[in-house]
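A short write-up of the structure that comes next.
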Amino acid sequence: MGNSIKPHIETAQKTGACQLSKMGISEFPPELKRLTKNLRTLDLSENKLAELPNDIGSFTMLKNMSLNSNRLAAIPETIGQLKKLESLSLNSNRLLSLPQSFNQLNNLRSITVNNNFLKEFPAQLGGLKNLDSLDLSHNKITVVPDGVKHLNVVEINLNENQVSTLSEAIAECPRLKVLRVEENCLELSAFTPRILKNSQISLLAIEGNLFEQKSFHNLDGYEQYMDRYTATKKKFA
């Protein structure tokens, strides 16, 4: 493996970007540690990584990291040291939870953790002021807790989970425009007047839950929700 990645390391020393996807890598390459001061983009997708080293936090210049389609069951708490990280992709791994230190990633704009085994909604993301997009689709989350109100995201994707409880505190999310909860276990009563009338949500994706779509149209607050939906469509037409 060392020889095969050598040219990639040499290129990354010049460009700040290292592309190591689909290379059969089973351990975090020690050669990467030469790049801790200048690596801005790292792609280790579609490999066989089972863990990240604790010193992943030493890559302090990282802005974009993709670890999709590996065998990661956990992420070390030291990832919270990556203060410049803007985009993190962890799709198709074996993650059961996310580290508490994610609340330190103040520049994070996008995080995708779809197709994992998360059981709890990651409320620790609540303090991240720059986070725009959160993709948690295809996990095993059952509850969206009150702590969701602290999220500053524009879009949350919870499609294909096991969500049966949706806190109406989600109406307090200051920037939330898009909420995707397709293919879950939600009753019609989950969509309270507070959510439909008082939230900023202008797109609710709700198909595949425990009610008929047409019954959603009769809910108290549906008209106010549709006003926002229509205004948004006109804005981008």
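Here, A, B, ... name the chains of the structure tokens in the order displayed, residue numbers run from 1 inside each chain, and ligands are numbered from 1 in the same displayed order.
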
Identify, on the basis of only C-alpha atoms, every residue whose closest approach to range 75-82 of chain A does not exceed 8 Å; exclude the query and any residue fewer than 6 positions from it along the same chain; express the result as a short mmCIF file (atom, residue, chain, number, x, y, z; two decimals) with all heavy atoms, in the first residue's frame.
data_model
loop_
_atom_site.label_atom_id
_atom_site.label_comp_id
_atom_site.auth_asym_id
_atom_site.auth_seq_id
_atom_site.Cartn_x
_atom_site.Cartn_y
_atom_site.Cartn_z
N GLU A 51 -11.23 2.01 11.79
CA GLU A 51 -11.10 3.05 12.81
C GLU A 51 -10.22 4.18 12.31
O GLU A 51 -9.43 4.03 11.38
CB GLU A 51 -10.53 2.47 14.11
CG GLU A 51 -9.14 1.88 13.98
CD GLU A 51 -8.63 1.30 15.29
OE1 GLU A 51 -9.41 1.23 16.26
OE2 GLU A 51 -7.45 0.93 15.34
N LEU A 52 -10.38 5.33 12.96
CA LEU A 52 -9.52 6.48 12.73
C LEU A 52 -8.57 6.63 13.92
O LEU A 52 -8.95 6.30 15.04
CB LEU A 52 -10.35 7.76 12.59
CG LEU A 52 -11.30 7.86 11.39
CD1 LEU A 52 -12.08 9.17 11.47
CD2 LEU A 52 -10.53 7.78 10.08
N PRO A 53 -7.37 7.13 13.69
CA PRO A 53 -6.44 7.32 14.81
C PRO A 53 -6.87 8.48 15.69
O PRO A 53 -7.54 9.41 15.22
CB PRO A 53 -5.11 7.61 14.11
CG PRO A 53 -5.51 8.25 12.81
CD PRO A 53 -6.78 7.57 12.40
N ASN A 54 -6.47 8.45 16.95
CA ASN A 54 -6.79 9.55 17.86
C ASN A 54 -6.15 10.85 17.42
O ASN A 54 -6.67 11.94 17.72
CB ASN A 54 -6.35 9.21 19.29
CG ASN A 54 -7.37 8.34 20.00
OD1 ASN A 54 -8.56 8.48 19.78
ND2 ASN A 54 -6.89 7.43 20.83
N ASP A 55 -5.04 10.75 16.70
CA ASP A 55 -4.38 12.00 16.27
C ASP A 55 -4.98 12.55 14.97
O ASP A 55 -4.37 13.40 14.32
CB ASP A 55 -2.86 11.82 16.15
CG ASP A 55 -2.45 10.72 15.19
OD1 ASP A 55 -3.33 10.14 14.53
OD2 ASP A 55 -1.23 10.44 15.09
N ILE A 56 -6.18 12.11 14.61
CA ILE A 56 -6.87 12.72 13.47
C ILE A 56 -7.06 14.21 13.73
O ILE A 56 -7.11 15.02 12.82
CB ILE A 56 -8.23 12.03 13.20
CG1 ILE A 56 -8.86 12.52 11.90
CG2 ILE A 56 -9.20 12.26 14.37
CD1 ILE A 56 -8.16 12.09 10.65
N GLY A 57 -7.11 14.58 15.00
CA GLY A 57 -7.28 15.98 15.36
C GLY A 57 -6.09 16.86 15.03
O GLY A 57 -6.19 18.09 15.10
N SER A 58 -4.97 16.26 14.65
CA SER A 58 -3.78 17.06 14.32
C SER A 58 -3.84 17.65 12.91
O SER A 58 -3.03 18.51 12.56
CB SER A 58 -2.51 16.20 14.47
OG SER A 58 -2.50 15.13 13.54
N PHE A 59 -4.82 17.20 12.11
CA PHE A 59 -4.96 17.73 10.74
C PHE A 59 -5.77 19.03 10.79
O PHE A 59 -6.89 19.12 10.26
CB PHE A 59 -5.62 16.69 9.83
CG PHE A 59 -4.77 15.50 9.56
CD1 PHE A 59 -4.72 14.43 10.45
CD2 PHE A 59 -3.98 15.44 8.42
CE1 PHE A 59 -3.93 13.32 10.21
CE2 PHE A 59 -3.17 14.33 8.16
CZ PHE A 59 -3.14 13.27 9.06
N THR A 60 -5.19 20.03 11.39
CA THR A 60 -5.93 21.24 11.76
C THR A 60 -6.33 22.13 10.59
O THR A 60 -7.14 23.03 10.76
CB THR A 60 -5.12 22.08 12.76
OG1 THR A 60 -3.81 22.31 12.21
CG2 THR A 60 -4.98 21.34 14.09
N MET A 61 -5.80 21.86 9.39
CA MET A 61 -6.15 22.66 8.23
C MET A 61 -7.29 22.04 7.41
O MET A 61 -7.76 22.65 6.45
CB MET A 61 -4.93 22.86 7.32
CG MET A 61 -3.73 23.50 8.02
SD MET A 61 -4.12 25.09 8.76
CE MET A 61 -4.32 26.10 7.29
N LEU A 62 -7.73 20.85 7.79
CA LEU A 62 -8.75 20.15 7.01
C LEU A 62 -10.05 20.94 6.91
O LEU A 62 -10.59 21.39 7.91
CB LEU A 62 -9.05 18.79 7.64
CG LEU A 62 -8.36 17.55 7.08
CD1 LEU A 62 -8.87 16.30 7.79
CD2 LEU A 62 -8.54 17.41 5.57
N LEU A 95 -21.62 3.24 12.12
CA LEU A 95 -21.66 4.13 13.28
C LEU A 95 -22.93 3.94 14.11
O LEU A 95 -24.04 3.93 13.58
CB LEU A 95 -21.56 5.58 12.82
CG LEU A 95 -20.26 5.96 12.11
CD1 LEU A 95 -20.36 7.36 11.52
CD2 LEU A 95 -19.07 5.87 13.06
N LEU A 98 -22.48 9.51 17.36
CA LEU A 98 -21.50 10.52 16.96
C LEU A 98 -20.86 11.09 18.22
O LEU A 98 -21.51 11.19 19.26
CB LEU A 98 -22.17 11.63 16.16
CG LEU A 98 -22.85 11.20 14.86
CD1 LEU A 98 -23.49 12.40 14.17
CD2 LEU A 98 -21.86 10.53 13.91
N PRO A 99 -19.59 11.47 18.14
CA PRO A 99 -18.90 11.99 19.34
C PRO A 99 -19.47 13.31 19.83
O PRO A 99 -19.93 14.13 19.03
CB PRO A 99 -17.45 12.14 18.88
CG PRO A 99 -17.51 12.22 17.40
CD PRO A 99 -18.69 11.42 16.97
N GLN A 100 -19.44 13.51 21.13
CA GLN A 100 -19.90 14.75 21.73
C GLN A 100 -19.11 15.95 21.21
O GLN A 100 -19.63 17.06 21.10
CB GLN A 100 -19.81 14.66 23.25
CG GLN A 100 -20.42 15.84 24.00
CD GLN A 100 -21.92 15.99 23.74
OE1 GLN A 100 -22.63 14.99 23.64
NE2 GLN A 100 -22.41 17.21 23.65
N SER A 101 -17.85 15.71 20.86
CA SER A 101 -16.96 16.80 20.44
C SER A 101 -17.38 17.42 19.11
O SER A 101 -16.82 18.44 18.70
CB SER A 101 -15.52 16.29 20.33
OG SER A 101 -15.40 15.30 19.31
N PHE A 102 -18.36 16.84 18.42
CA PHE A 102 -18.87 17.47 17.20
C PHE A 102 -19.35 18.89 17.48
O PHE A 102 -19.40 19.72 16.58
CB PHE A 102 -20.01 16.64 16.62
CG PHE A 102 -19.57 15.63 15.58
CD1 PHE A 102 -18.30 15.09 15.62
CD2 PHE A 102 -20.43 15.21 14.59
CE1 PHE A 102 -17.89 14.16 14.68
CE2 PHE A 102 -20.05 14.28 13.64
CZ PHE A 102 -18.77 13.75 13.69
N ASN A 103 -19.72 19.16 18.74
CA ASN A 103 -20.22 20.50 19.08
C ASN A 103 -19.13 21.55 19.02
O ASN A 103 -19.39 22.74 19.19
CB ASN A 103 -20.90 20.50 20.45
CG ASN A 103 -19.96 20.15 21.60
OD1 ASN A 103 -18.76 19.96 21.40
ND2 ASN A 103 -20.51 20.04 22.80
N GLN A 104 -17.88 21.13 18.76
CA GLN A 104 -16.76 22.08 18.65
C GLN A 104 -16.43 22.43 17.20
O GLN A 104 -15.58 23.29 16.95
CB GLN A 104 -15.52 21.48 19.32
CG GLN A 104 -15.70 21.16 20.80
CD GLN A 104 -14.55 20.33 21.35
OE1 GLN A 104 -13.42 20.39 20.86
NE2 GLN A 104 -14.84 19.52 22.36
N LEU A 105 -17.10 21.78 16.25
CA LEU A 105 -16.80 21.99 14.83
C LEU A 105 -17.56 23.21 14.31
O LEU A 105 -18.50 23.10 13.52
CB LEU A 105 -17.15 20.74 14.03
CG LEU A 105 -16.41 19.46 14.44
CD1 LEU A 105 -16.93 18.25 13.66
CD2 LEU A 105 -14.91 19.62 14.24
#

- Item | 12 Å contact set for range 205-211 of chain A, only C-alpha atoms, chain neighbours under 5 positions out, as a ChimeraX atom specification | /A:155-165,177-191,216-217,229

Among range 58-158 of chain A, which ones does DSSP place in helix (DSSP H, G or I), written as a VMD selection string?
-> chain A and resid 58 77 to 81 100 to 104 123 to 127 146 to 150

Next on the checklist: Let me make sure I understand: among A:Ala17, A:Leu166, A:Leu108, A:Leu176, which one has the smallest atom-to-atom distance to His150 in chain A if we use only C-alpha atoms?
Outcome noted: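 Counting only C-alpha atoms, the residue closest to His150 in chain A is A:Leu176.
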
Any chance you could tabulate, as JSON lines, the residues of range 8-69 of chain A at most 12 Å from range 87-92 of chain A with each one's nearest atom pair and distance in Å to one decimal, using only C-alpha atoms, in chain and rising number order?
{"residue": "A:Arg40", "atom": "CA", "partner": "A:Ser87", "partner_atom": "CA", "distance": 10.8}
{"residue": "A:Thr41", "atom": "CA", "partner": "A:Ser87", "partner_atom": "CA", "distance": 9.5}
{"residue": "A:Leu42", "atom": "CA", "partner": "A:Leu88", "partner_atom": "CA", "distance": 10.0}
{"residue": "A:Asp43", "atom": "CA", "partner": "A:Ser89", "partner_atom": "CA", "distance": 9.3}
{"residue": "A:Leu44", "atom": "CA", "partner": "A:Ser89", "partner_atom": "CA", "distance": 10.2}
{"residue": "A:Ser45", "atom": "CA", "partner": "A:Leu90", "partner_atom": "CA", "distance": 8.7}
{"residue": "A:Glu46", "atom": "CA", "partner": "A:Ser92", "partner_atom": "CA", "distance": 9.2}
{"residue": "A:Asn47", "atom": "CA", "partner": "A:Ser92", "partner_atom": "CA", "distance": 11.1}
{"residue": "A:Lys48", "atom": "CA", "partner": "A:Ser92", "partner_atom": "CA", "distance": 11.6}
{"residue": "A:Leu49", "atom": "CA", "partner": "A:Leu90", "partner_atom": "CA", "distance": 11.7}
{"residue": "A:Leu62", "atom": "CA", "partner": "A:Ser87", "partner_atom": "CA", "distance": 9.3}
{"residue": "A:Lys63", "atom": "CA", "partner": "A:Ser87", "partner_atom": "CA", "distance": 6.4}
{"residue": "A:Asn64", "atom": "CA", "partner": "A:Ser87", "partner_atom": "CA", "distance": 4.8}
{"residue": "A:Met65", "atom": "CA", "partner": "A:Leu88", "partner_atom": "CA", "distance": 5.1}
{"residue": "A:Ser66", "atom": "CA", "partner": "A:Ser89", "partner_atom": "CA", "distance": 4.6}
{"residue": "A:Leu67", "atom": "CA", "partner": "A:Leu90", "partner_atom": "CA", "distance": 5.1}
{"residue": "A:Asn68", "atom": "CA", "partner": "A:Asn91", "partner_atom": "CA", "distance": 4.6}
{"residue": "A:Ser69", "atom": "CA", "partner": "A:Ser92", "partner_atom": "CA", "distance": 4.6}

inquiry  = For the strand (DSSP E or B) assignment from backbone DSSP, which residues of chain A qualify? Please present them as a ChimeraX atom specification.
reply    = /A:17-19,41-43,64-66,87-89,110-112,133-135,143-144,155-157,165-166,178-180,203-205

Just the selected residues (N, CA and C atoms), exported as a PDB file, in the first residue's frame, please.
ATOM      1  N   ALA A  17      -4.736  18.604  -1.299  1.00  0.00           N
ATOM      2  CA  ALA A  17      -5.853  17.674  -1.474  1.00  0.00           C
ATOM      3  C   ALA A  17      -5.328  16.270  -1.707  1.00  0.00           C
ATOM      4  N   CYS A  18      -5.871  15.300  -0.976  1.00  0.00           N
ATOM      5  CA  CYS A  18      -5.408  13.917  -1.099  1.00  0.00           C
ATOM      6  C   CYS A  18      -6.575  12.998  -1.410  1.00  0.00           C
ATOM      7  N   GLN A  19      -6.499  12.339  -2.551  1.00  0.00           N
ATOM      8  CA  GLN A  19      -7.547  11.447  -3.039  1.00  0.00           C
ATOM      9  C   GLN A  19      -7.069   9.998  -2.907  1.00  0.00           C
ATOM     10  N   THR A  41      -8.170  18.872   2.012  1.00  0.00           N
ATOM     11  CA  THR A  41      -9.197  17.946   1.546  1.00  0.00           C
ATOM     12  C   THR A  41      -8.663  16.525   1.602  1.00  0.00           C
ATOM     13  N   LEU A  42      -9.430  15.620   2.217  1.00  0.00           N
ATOM     14  CA  LEU A  42      -9.032  14.221   2.324  1.00  0.00           C
ATOM     15  C   LEU A  42     -10.206  13.329   1.957  1.00  0.00           C
ATOM     16  N   ASP A  43      -9.989  12.456   0.980  1.00  0.00           N
ATOM     17  CA  ASP A  43     -11.018  11.502   0.570  1.00  0.00           C
ATOM     18  C   ASP A  43     -10.487  10.077   0.741  1.00  0.00           C
ATOM     19  N   ASN A  64     -12.439  19.657   4.236  1.00  0.00           N
ATOM     20  CA  ASN A  64     -13.353  18.666   3.673  1.00  0.00           C
ATOM     21  C   ASN A  64     -12.814  17.256   3.912  1.00  0.00           C
ATOM     22  N   MET A  65     -13.640  16.400   4.486  1.00  0.00           N
ATOM     23  CA  MET A  65     -13.211  15.022   4.711  1.00  0.00           C
ATOM     24  C   MET A  65     -14.337  14.067   4.352  1.00  0.00           C
ATOM     25  N   SER A  66     -14.013  13.090   3.509  1.00  0.00           N
ATOM     26  CA  SER A  66     -14.982  12.085   3.079  1.00  0.00           C
ATOM     27  C   SER A  66     -14.486  10.705   3.481  1.00  0.00           C
ATOM     28  N   SER A  87     -17.029  20.390   5.703  1.00  0.00           N
ATOM     29  CA  SER A  87     -17.839  19.318   5.133  1.00  0.00           C
ATOM     30  C   SER A  87     -17.321  17.971   5.611  1.00  0.00           C
ATOM     31  N   LEU A  88     -18.247  17.135   6.112  1.00  0.00           N
ATOM     32  CA  LEU A  88     -17.871  15.818   6.616  1.00  0.00           C
ATOM     33  C   LEU A  88     -18.872  14.789   6.109  1.00  0.00           C
ATOM     34  N   SER A  89     -18.373  13.756   5.423  1.00  0.00           N
ATOM     35  CA  SER A  89     -19.222  12.694   4.882  1.00  0.00           C
ATOM     36  C   SER A  89     -18.838  11.360   5.515  1.00  0.00           C
ATOM     37  N   SER A 110     -21.849  21.187   6.401  1.00  0.00           N
ATOM     38  CA  SER A 110     -22.590  20.032   5.912  1.00  0.00           C
ATOM     39  C   SER A 110     -22.068  18.761   6.556  1.00  0.00           C
ATOM     40  N   ILE A 111     -22.984  17.935   7.054  1.00  0.00           N
ATOM     41  CA  ILE A 111     -22.605  16.616   7.554  1.00  0.00           C
ATOM     42  C   ILE A 111     -23.605  15.591   7.050  1.00  0.00           C
ATOM     43  N   THR A 112     -23.094  14.524   6.460  1.00  0.00           N
ATOM     44  CA  THR A 112     -23.941  13.439   5.979  1.00  0.00           C
ATOM     45  C   THR A 112     -23.515  12.153   6.673  1.00  0.00           C
ATOM     46  N   SER A 133     -26.757  21.863   6.396  1.00  0.00           N
ATOM     47  CA  SER A 133     -27.382  20.622   5.964  1.00  0.00           C
ATOM     48  C   SER A 133     -26.981  19.452   6.856  1.00  0.00           C
ATOM     49  N   LEU A 134     -27.986  18.682   7.283  1.00  0.00           N
ATOM     50  CA  LEU A 134     -27.767  17.519   8.135  1.00  0.00           C
ATOM     51  C   LEU A 134     -28.516  16.333   7.543  1.00  0.00           C
ATOM     52  N   ASP A 135     -27.773  15.342   7.056  1.00  0.00           N
ATOM     53  CA  ASP A 135     -28.381  14.158   6.447  1.00  0.00           C
ATOM     54  C   ASP A 135     -28.197  12.956   7.374  1.00  0.00           C
ATOM     55  N   VAL A 143     -36.614   8.964  17.888  1.00  0.00           N
ATOM     56  CA  VAL A 143     -37.142  10.176  18.516  1.00  0.00           C
ATOM     57  C   VAL A 143     -36.371  11.407  18.041  1.00  0.00           C
ATOM     58  N   VAL A 144     -37.097  12.453  17.665  1.00  0.00           N
ATOM     59  CA  VAL A 144     -36.495  13.765  17.438  1.00  0.00           C
ATOM     60  C   VAL A 144     -36.786  14.568  18.704  1.00  0.00           C
ATOM     61  N   GLU A 155     -31.696  22.442   6.354  1.00  0.00           N
ATOM     62  CA  GLU A 155     -32.350  21.198   5.945  1.00  0.00           C
ATOM     63  C   GLU A 155     -31.936  20.040   6.843  1.00  0.00           C
ATOM     64  N   ILE A 156     -32.933  19.252   7.256  1.00  0.00           N
ATOM     65  CA  ILE A 156     -32.699  18.001   7.985  1.00  0.00           C
ATOM     66  C   ILE A 156     -33.344  16.870   7.192  1.00  0.00           C
ATOM     67  N   ASN A 157     -32.545  15.839   6.907  1.00  0.00           N
ATOM     68  CA  ASN A 157     -33.052  14.665   6.206  1.00  0.00           C
ATOM     69  C   ASN A 157     -33.072  13.483   7.165  1.00  0.00           C
ATOM     70  N   THR A 165     -41.649   9.817  17.190  1.00  0.00           N
ATOM     71  CA  THR A 165     -41.861  10.997  18.027  1.00  0.00           C
ATOM     72  C   THR A 165     -41.119  12.189  17.439  1.00  0.00           C
ATOM     73  N   LEU A 166     -41.875  13.235  17.148  1.00  0.00           N
ATOM     74  CA  LEU A 166     -41.305  14.458  16.577  1.00  0.00           C
ATOM     75  C   LEU A 166     -41.619  15.611  17.522  1.00  0.00           C
ATOM     76  N   VAL A 178     -36.414  22.963   5.264  1.00  0.00           N
ATOM     77  CA  VAL A 178     -36.748  21.662   4.683  1.00  0.00           C
ATOM     78  C   VAL A 178     -36.618  20.567   5.735  1.00  0.00           C
ATOM     79  N   LEU A 179     -37.691  19.813   5.928  1.00  0.00           N
ATOM     80  CA  LEU A 179     -37.677  18.670   6.841  1.00  0.00           C
ATOM     81  C   LEU A 179     -38.156  17.446   6.084  1.00  0.00           C
ATOM     82  N   ARG A 180     -37.283  16.474   5.959  1.00  0.00           N
ATOM     83  CA  ARG A 180     -37.608  15.240   5.243  1.00  0.00           C
ATOM     84  C   ARG A 180     -37.761  14.096   6.253  1.00  0.00           C
ATOM     85  N   LEU A 203     -40.972  23.182   3.303  1.00  0.00           N
ATOM     86  CA  LEU A 203     -41.088  21.916   2.588  1.00  0.00           C
ATOM     87  C   LEU A 203     -41.051  20.767   3.586  1.00  0.00           C
ATOM     88  N   LEU A 204     -42.167  20.067   3.696  1.00  0.00           N
ATOM     89  CA  LEU A 204     -42.285  18.876   4.530  1.00  0.00           C
ATOM     90  C   LEU A 204     -42.438  17.662   3.624  1.00  0.00           C
ATOM     91  N   ALA A 205     -41.467  16.769   3.654  1.00  0.00           N
ATOM     92  CA  ALA A 205     -41.559  15.521   2.889  1.00  0.00           C
ATOM     93  C   ALA A 205     -42.029  14.432   3.847  1.00  0.00           C
TER      94      ALA A 205
END

Note to self: Just to confirm, what's the straight-line distance from CA of Asn130 in chain A to CA of Val153 in chain A in Å (one decimal)?
What the structure shows: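 Value for the CA of Asn130 in chain A-CA of Val153 in chain A distance: 7.7 Å.
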
| request: Using CA of Lys83 in chain A and CA of Glu27 in chain A as the two end points, give the distance in Å to one decimal. | output: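 Straight-line distance from CA of Lys83 in chain A to CA of Glu27 in chain A works out to 24.0 Å.
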
Restricting to only C-alpha atoms, whichever of A:His138, A:Lys22, A:Lys14, A:Lys149 is closest to Gln124 in chain A is A:Lys149
